[in-house]
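Enquirer: Below is a structure I'd like to ask you about.
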Amino acid sequence: MKPFFLKAAAPIPRILTHKRALFVGPHPDDIEVGTGATISKLISLGITVAFAIVTDGGSGSSDSHISIDELVKQRYDEAMSSAQYLGVQETFFLNFPDGAKYDEWDVAVKLAEIIVKFDPDIIFAPDPSLPSEIHPDHIKTGNATKDALLISSSPLTLKRNMIFIDQDSHLGFNRTLAFYYTHRPNQFIPITKTDIVNNHNAILKHQSQFQENSKEWNMLKIYLSYRQKRFGNLFHSRRDGFFVMGPIHQHCFPEINEF
């Protein structure tokens with residue numbers, strides 16, 4: 001039996017009603033691949049957007065001759081170019097080692113600092129519960145984002161994690177969480193042809209990963225089109241899908257998985 005009364009009493013917040021959005025990505029291209037069309041949509045509506053990129057992208061090449069430092073610099077430049085193209089206000093780089101060992105809680109603490117600084121009312125991250133996901137950077141990023149929401153909500157939790165804030169900082173357990181790369185979407189965002197073009201152009205700024213007319217790029221375009229059409233409906237031919245939780249759903253509220 002579906003929890004209709006609970007859904008009515010504790011509705012899922014609508015993404016497009018938010019004013020400040022933080023997108024957290026495991027690698028320099030994941031945000032654009034996972035949700036670039038929605039970013040175009042949000043910015044066109046006047047919503048302020050920032051990026052937080054967890055790893056340095058230093059393992060993202062099949063070229064064994066390129067140095068890690070050289071690749072990290074290239075991917076930084078690509079990420080900045082893509083963010084500027086989309087109109088992103090600020091991009092934060094956490095610089096954890098792509099594909100190597102690092103502590104998830106350390107990521108959460110850095111993300112909590114960014115949350116306090118940027119003060120988003122909605123945060124996007126990859127779904128760490130995606131059953132098919134095996135990449136530890138994606139799983140860690142999703143879990144660290146959840147932890148960061150908790151850390152950033154309390155002045156004492158921040159202090160325990162050596163984050164010291166201004167008295168006027170906006171704290172509290174009051175931010176929406178939206179997962180992309182998800183198998184369980186419960187909210188959909190209609191996207192336009194312009195959003196799709198912006199999405200493609202932003203991804204192509206990551207030239208170390210995708211070159212126009214390459215086999216990899218053509219395959220990704222086909223997949224993105226399939227995903228957006230799959231999430232579409234009678235009224236909107238293409239949409240992006242997210243698993244969204246309001247503050248009330250984020251702690252001791254298993255019924256959100258049935259909404």
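Ligands are numbered from 1 in the order shown, chains are lettered A, B, ... in the order of the structure tokens, and residues start at 1 in each chain.
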Please, which residues of range 31-220 of chain A, numbered as in this document, come out strand (DSSP E or B) from DSSP, as a PyMOL selection string?
Expert: chain A and resi 48-55+90-96+122-126+176-180+187-190
Enquirer: Take the residues just selected and output them with N, CA and C atoms as a PDB file, in the first residue's frame.
Expert:
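Output saved as result_5.pdb:
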```
ATOM      1  N   THR A  48      21.022  30.349  -9.223  1.00  0.00           N
ATOM      2  CA  THR A  48      22.476  30.433  -9.091  1.00  0.00           C
ATOM      3  C   THR A  48      23.051  29.038  -8.884  1.00  0.00           C
ATOM      4  N   VAL A  49      24.080  28.701  -9.658  1.00  0.00           N
ATOM      5  CA  VAL A  49      24.652  27.350  -9.656  1.00  0.00           C
ATOM      6  C   VAL A  49      26.149  27.407  -9.354  1.00  0.00           C
ATOM      7  N   ALA A  50      26.598  26.463  -8.528  1.00  0.00           N
ATOM      8  CA  ALA A  50      28.027  26.263  -8.280  1.00  0.00           C
ATOM      9  C   ALA A  50      28.358  24.790  -8.462  1.00  0.00           C
ATOM     10  N   PHE A  51      29.616  24.508  -8.797  1.00  0.00           N
ATOM     11  CA  PHE A  51      30.122  23.143  -8.921  1.00  0.00           C
ATOM     12  C   PHE A  51      31.109  22.857  -7.788  1.00  0.00           C
ATOM     13  N   ALA A  52      31.108  21.625  -7.297  1.00  0.00           N
ATOM     14  CA  ALA A  52      32.162  21.122  -6.415  1.00  0.00           C
ATOM     15  C   ALA A  52      32.646  19.806  -7.009  1.00  0.00           C
ATOM     16  N   ILE A  53      33.915  19.762  -7.411  1.00  0.00           N
ATOM     17  CA  ILE A  53      34.479  18.590  -8.085  1.00  0.00           C
ATOM     18  C   ILE A  53      35.433  17.898  -7.115  1.00  0.00           C
ATOM     19  N   VAL A  54      35.135  16.653  -6.786  1.00  0.00           N
ATOM     20  CA  VAL A  54      35.813  15.977  -5.679  1.00  0.00           C
ATOM     21  C   VAL A  54      37.226  15.546  -6.030  1.00  0.00           C
ATOM     22  N   THR A  55      37.422  14.891  -7.177  1.00  0.00           N
ATOM     23  CA  THR A  55      38.766  14.392  -7.506  1.00  0.00           C
ATOM     24  C   THR A  55      39.415  15.246  -8.584  1.00  0.00           C
ATOM     25  N   GLU A  90      30.445  29.685  -9.518  1.00  0.00           N
ATOM     26  CA  GLU A  90      31.690  29.354  -8.818  1.00  0.00           C
ATOM     27  C   GLU A  90      31.960  27.864  -8.926  1.00  0.00           C
ATOM     28  N   THR A  91      33.237  27.506  -9.066  1.00  0.00           N
ATOM     29  CA  THR A  91      33.635  26.101  -9.134  1.00  0.00           C
ATOM     30  C   THR A  91      34.674  25.822  -8.060  1.00  0.00           C
ATOM     31  N   PHE A  92      34.374  24.839  -7.214  1.00  0.00           N
ATOM     32  CA  PHE A  92      35.270  24.440  -6.133  1.00  0.00           C
ATOM     33  C   PHE A  92      35.958  23.122  -6.517  1.00  0.00           C
ATOM     34  N   PHE A  93      37.253  23.051  -6.309  1.00  0.00           N
ATOM     35  CA  PHE A  93      38.020  21.833  -6.590  1.00  0.00           C
ATOM     36  C   PHE A  93      38.555  21.283  -5.270  1.00  0.00           C
ATOM     37  N   LEU A  94      38.170  20.038  -4.945  1.00  0.00           N
ATOM     38  CA  LEU A  94      38.619  19.430  -3.696  1.00  0.00           C
ATOM     39  C   LEU A  94      39.945  18.704  -3.863  1.00  0.00           C
ATOM     40  N   ASN A  95      40.273  18.277  -5.084  1.00  0.00           N
ATOM     41  CA  ASN A  95      41.590  17.739  -5.438  1.00  0.00           C
ATOM     42  C   ASN A  95      41.969  16.443  -4.725  1.00  0.00           C
ATOM     43  N   PHE A  96      40.988  15.584  -4.461  1.00  0.00           N
ATOM     44  CA  PHE A  96      41.315  14.242  -3.998  1.00  0.00           C
ATOM     45  C   PHE A  96      41.813  13.416  -5.193  1.00  0.00           C
ATOM     46  N   ILE A 122      19.598  23.606  -2.470  1.00  0.00           N
ATOM     47  CA  ILE A 122      19.502  22.260  -3.026  1.00  0.00           C
ATOM     48  C   ILE A 122      20.891  21.803  -3.447  1.00  0.00           C
ATOM     49  N   ILE A 123      21.171  20.523  -3.208  1.00  0.00           N
ATOM     50  CA  ILE A 123      22.478  19.940  -3.526  1.00  0.00           C
ATOM     51  C   ILE A 123      22.250  18.700  -4.375  1.00  0.00           C
ATOM     52  N   PHE A 124      22.991  18.608  -5.483  1.00  0.00           N
ATOM     53  CA  PHE A 124      22.921  17.466  -6.390  1.00  0.00           C
ATOM     54  C   PHE A 124      24.202  16.647  -6.269  1.00  0.00           C
ATOM     55  N   ALA A 125      24.069  15.318  -6.300  1.00  0.00           N
ATOM     56  CA  ALA A 125      25.223  14.420  -6.222  1.00  0.00           C
ATOM     57  C   ALA A 125      24.858  13.093  -6.883  1.00  0.00           C
ATOM     58  N   PRO A 126      25.841  12.284  -7.273  1.00  0.00           N
ATOM     59  CA  PRO A 126      25.518  10.955  -7.810  1.00  0.00           C
ATOM     60  C   PRO A 126      24.924  10.064  -6.734  1.00  0.00           C
ATOM     61  N   THR A 176      17.539  20.648   0.410  1.00  0.00           N
ATOM     62  CA  THR A 176      17.062  19.549  -0.420  1.00  0.00           C
ATOM     63  C   THR A 176      18.248  18.800  -1.007  1.00  0.00           C
ATOM     64  N   LEU A 177      18.122  17.477  -1.122  1.00  0.00           N
ATOM     65  CA  LEU A 177      19.150  16.632  -1.721  1.00  0.00           C
ATOM     66  C   LEU A 177      18.565  15.950  -2.952  1.00  0.00           C
ATOM     67  N   ALA A 178      19.277  16.032  -4.072  1.00  0.00           N
ATOM     68  CA  ALA A 178      18.816  15.414  -5.321  1.00  0.00           C
ATOM     69  C   ALA A 178      19.932  14.556  -5.896  1.00  0.00           C
ATOM     70  N   PHE A 179      19.645  13.294  -6.135  1.00  0.00           N
ATOM     71  CA  PHE A 179      20.630  12.384  -6.718  1.00  0.00           C
ATOM     72  C   PHE A 179      20.427  12.280  -8.228  1.00  0.00           C
ATOM     73  N   TYR A 180      21.523  12.411  -8.967  1.00  0.00           N
ATOM     74  CA  TYR A 180      21.533  12.076 -10.390  1.00  0.00           C
ATOM     75  C   TYR A 180      22.264  10.743 -10.558  1.00  0.00           C
ATOM     76  N   GLN A 187      11.386  12.562  -9.494  1.00  0.00           N
ATOM     77  CA  GLN A 187      11.048  13.890 -10.008  1.00  0.00           C
ATOM     78  C   GLN A 187      11.771  14.095 -11.337  1.00  0.00           C
ATOM     79  N   PHE A 188      11.084  14.799 -12.253  1.00  0.00           N
ATOM     80  CA  PHE A 188      11.601  14.944 -13.606  1.00  0.00           C
ATOM     81  C   PHE A 188      11.591  16.413 -14.018  1.00  0.00           C
ATOM     82  N   ILE A 189      12.649  16.821 -14.741  1.00  0.00           N
ATOM     83  CA  ILE A 189      12.782  18.199 -15.185  1.00  0.00           C
ATOM     84  C   ILE A 189      12.695  18.247 -16.703  1.00  0.00           C
ATOM     85  N   PRO A 190      11.691  18.949 -17.263  1.00  0.00           N
ATOM     86  CA  PRO A 190      11.612  19.074 -18.720  1.00  0.00           C
ATOM     87  C   PRO A 190      12.799  19.879 -19.250  1.00  0.00           C
TER      88      PRO A 190
END
```
Enquirer: Please identify all polymer residues within 12 Å of Pro28 in chain A, counting only C-alpha atoms, omitting same-chain residues fewer than 6 positions from it, and present them as an mmCIF file with C-alpha atoms, in the first residue's frame.
Expert:
```cif
data_model
loop_
_atom_site.group_PDB
_atom_site.id
_atom_site.type_symbol
_atom_site.label_atom_id
_atom_site.label_comp_id
_atom_site.auth_asym_id
_atom_site.auth_seq_id
_atom_site.Cartn_x
_atom_site.Cartn_y
_atom_site.Cartn_z
ATOM 1 C CA GLY A 34 24.922 13.415 -15.422
ATOM 2 C CA PHE A 51 30.122 23.143 -8.921
ATOM 3 C CA ALA A 52 32.162 21.122 -6.415
ATOM 4 C CA ILE A 53 34.479 18.590 -8.085
ATOM 5 C CA VAL A 54 35.813 15.977 -5.679
ATOM 6 C CA THR A 55 38.766 14.392 -7.506
ATOM 7 C CA ASP A 56 41.484 15.862 -9.671
ATOM 8 C CA GLY A 57 40.741 13.724 -12.735
ATOM 9 C CA GLY A 58 44.337 12.518 -12.780
ATOM 10 C CA SER A 59 43.468 8.934 -13.784
ATOM 11 C CA GLY A 60 41.146 9.870 -16.626
ATOM 12 C CA LEU A 71 46.449 15.631 -17.015
ATOM 13 C CA VAL A 72 45.260 17.220 -13.763
ATOM 14 C CA LYS A 73 46.069 20.678 -15.151
ATOM 15 C CA GLN A 74 44.294 19.903 -18.429
ATOM 16 C CA ARG A 75 41.183 18.641 -16.688
ATOM 17 C CA TYR A 76 41.111 21.675 -14.399
ATOM 18 C CA ASP A 77 41.177 23.952 -17.428
ATOM 19 C CA GLU A 78 38.468 21.900 -19.156
ATOM 20 C CA ALA A 79 36.236 21.999 -16.088
ATOM 21 C CA MET A 80 36.602 25.766 -15.804
ATOM 22 C CA SER A 81 35.853 26.217 -19.508
ATOM 23 C CA SER A 82 32.720 24.088 -19.253
ATOM 24 C CA ALA A 83 31.479 25.838 -16.114
ATOM 25 C CA THR A 91 33.635 26.101 -9.134
ATOM 26 C CA PHE A 92 35.270 24.440 -6.133
ATOM 27 C CA PHE A 93 38.020 21.833 -6.590
ATOM 28 C CA LEU A 94 38.619 19.430 -3.696
ATOM 29 C CA ASN A 95 41.590 17.739 -5.438
ATOM 30 C CA PHE A 96 41.315 14.242 -3.998
ATOM 31 C CA ASP A 98 41.189 10.249 -8.887
ATOM 32 C CA ASP A 137 34.859 7.812 -6.543
ATOM 33 C CA HIS A 138 31.166 7.940 -7.452
ATOM 34 C CA ALA A 202 29.619 21.754 -22.154
ATOM 35 C CA ILE A 203 30.622 18.083 -22.294
ATOM 36 C CA LYS A 205 34.777 21.268 -23.379
ATOM 37 C CA HIS A 206 36.260 18.157 -21.717
ATOM 38 C CA GLN A 207 38.476 17.414 -24.710
ATOM 39 C CA SER A 208 40.667 14.954 -22.830
ATOM 40 C CA GLN A 209 37.586 12.743 -22.509
#
```
Enquirer: For each of A:Val116, A:Ala10, A:Leu111, A:Val24, take the minimum atom-to-atom distance to Asp166 in chain A, counting only C-alpha atoms, then give the residue where this is smallest.
Expert: A:Val116
Enquirer: Please identify all polymer residues within 10 Å of His135 in chain A, counting only C-alpha atoms, omitting same-chain residues fewer than 6 positions from it, and present them as number ranges by chain.
Expert: A: 26, 99, 128
Enquirer: Which one of A:Ala144, A:Glu70, A:Tyr181, A:Arg227 sits closest to Asp30 in chain A if you count only C-alpha atoms?
Expert: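 Among the listed residues, A:Tyr181 lies closest to Asp30 in chain A.
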Enquirer: Which neighbours of Glu258 in chain A fall inside 12 Å, counting only C-alpha atoms, when residues of the same chain fewer than 2 positions from it are skipped, and could you give them as an MDAnalysis selection string?
Expert: chainID A and resid 1:4 6:7 12 184:186 243 245 249 253:256
Enquirer: For C-alpha atoms, I'd like the residues from the last selection saved as a PDB file, in the first residue's frame.
Expert:
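The file below, result12.pdb, is the result:
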```pdb
ATOM      1  CA  MET A   1       0.000   0.000   0.000  1.00  0.00           C
ATOM      2  CA  LYS A   2       1.469   3.351  -1.092  1.00  0.00           C
ATOM      3  CA  PRO A   3       1.871   5.990   1.661  1.00  0.00           C
ATOM      4  CA  PHE A   4      -0.398   8.564  -0.036  1.00  0.00           C
ATOM      5  CA  LEU A   6       2.508  10.737   4.051  1.00  0.00           C
ATOM      6  CA  LYS A   7       3.299  11.964   0.541  1.00  0.00           C
ATOM      7  CA  ILE A  12       8.949  16.151  -2.297  1.00  0.00           C
ATOM      8  CA  ARG A 184      14.974   5.483  -8.723  1.00  0.00           C
ATOM      9  CA  PRO A 185      13.914   8.915 -10.034  1.00  0.00           C
ATOM     10  CA  ASN A 186      10.934  10.484  -8.300  1.00  0.00           C
ATOM     11  CA  PHE A 243      15.770  11.091  -6.727  1.00  0.00           C
ATOM     12  CA  MET A 245      14.549  14.254  -0.764  1.00  0.00           C
ATOM     13  CA  HIS A 249      12.882  12.723   4.203  1.00  0.00           C
ATOM     14  CA  PHE A 253      11.883   8.325   6.757  1.00  0.00           C
ATOM     15  CA  PRO A 254      12.087   5.093   4.703  1.00  0.00           C
ATOM     16  CA  GLU A 255       8.750   5.777   3.003  1.00  0.00           C
ATOM     17  CA  ILE A 256      10.432   8.291   0.671  1.00  0.00           C
TER      18      ILE A 256
END
```
Enquirer: Would you please work out which residue, of A:Asn161, A:Asn233, A:Thr17, A:Ser169, is nearest to Asp147 in chain A when using only C-alpha atoms?
Expert: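 Under the stated criterion, the closest residue is A:Asn161.
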Enquirer: Can you work out which one of A:Gly246, A:Ala21, A:Ala9, A:Lys215 has the shortest atom-to-atom distance to Asp119 in chain A, counting only C-alpha atoms?
Expert: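 Looking at the shortest contact to Asp119 in chain A, the residue is A:Ala21.
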Enquirer: Measuring atom to atom with only C-alpha atoms, identify which of A:Gly46, A:Gly172, A:Pro155, A:Pro131 is nearest to Leu16 in chain A.
Expert: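 Looking at the shortest contact to Leu16 in chain A, the residue is A:Gly46.
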Enquirer: Which is closest to His170 in chain A among A:Leu156, A:Ile248, A:Ile196, A:Ile115, if we use only C-alpha atoms?
Expert: A:Ile115
Enquirer: Fewer than 2 positions away in the same chain doesn't count, so skip those; otherwise give me all residues within 8 Å of Ser40 in chain A, counting only C-alpha atoms, as a PyMOL selection string.
Expert: chain A and resi 36-38+42-44+86+195+198-199
Enquirer: Write out as a ChimeraX atom specification all residues of range 116-221 of chain A that backbone DSSP assigns to alpha helix (DSSP H).
Expert: /A:116-118,136-151,155-160,193-204,215-221
Enquirer: In Å to one decimal, how far is CA of Arg175 in chain A from CA of Glu133 in chain A?
Expert: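 Interatomic distance here is 25.4 Å.
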Enquirer: I'd like the interatomic distance between CA of Tyr226 in chain A and CA of Asn257 in chain A, to a tenth of an Å.
Expert: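 Computing the Euclidean distance for CA of Tyr226 in chain A and CA of Asn257 in chain A yields 24.4 Å.
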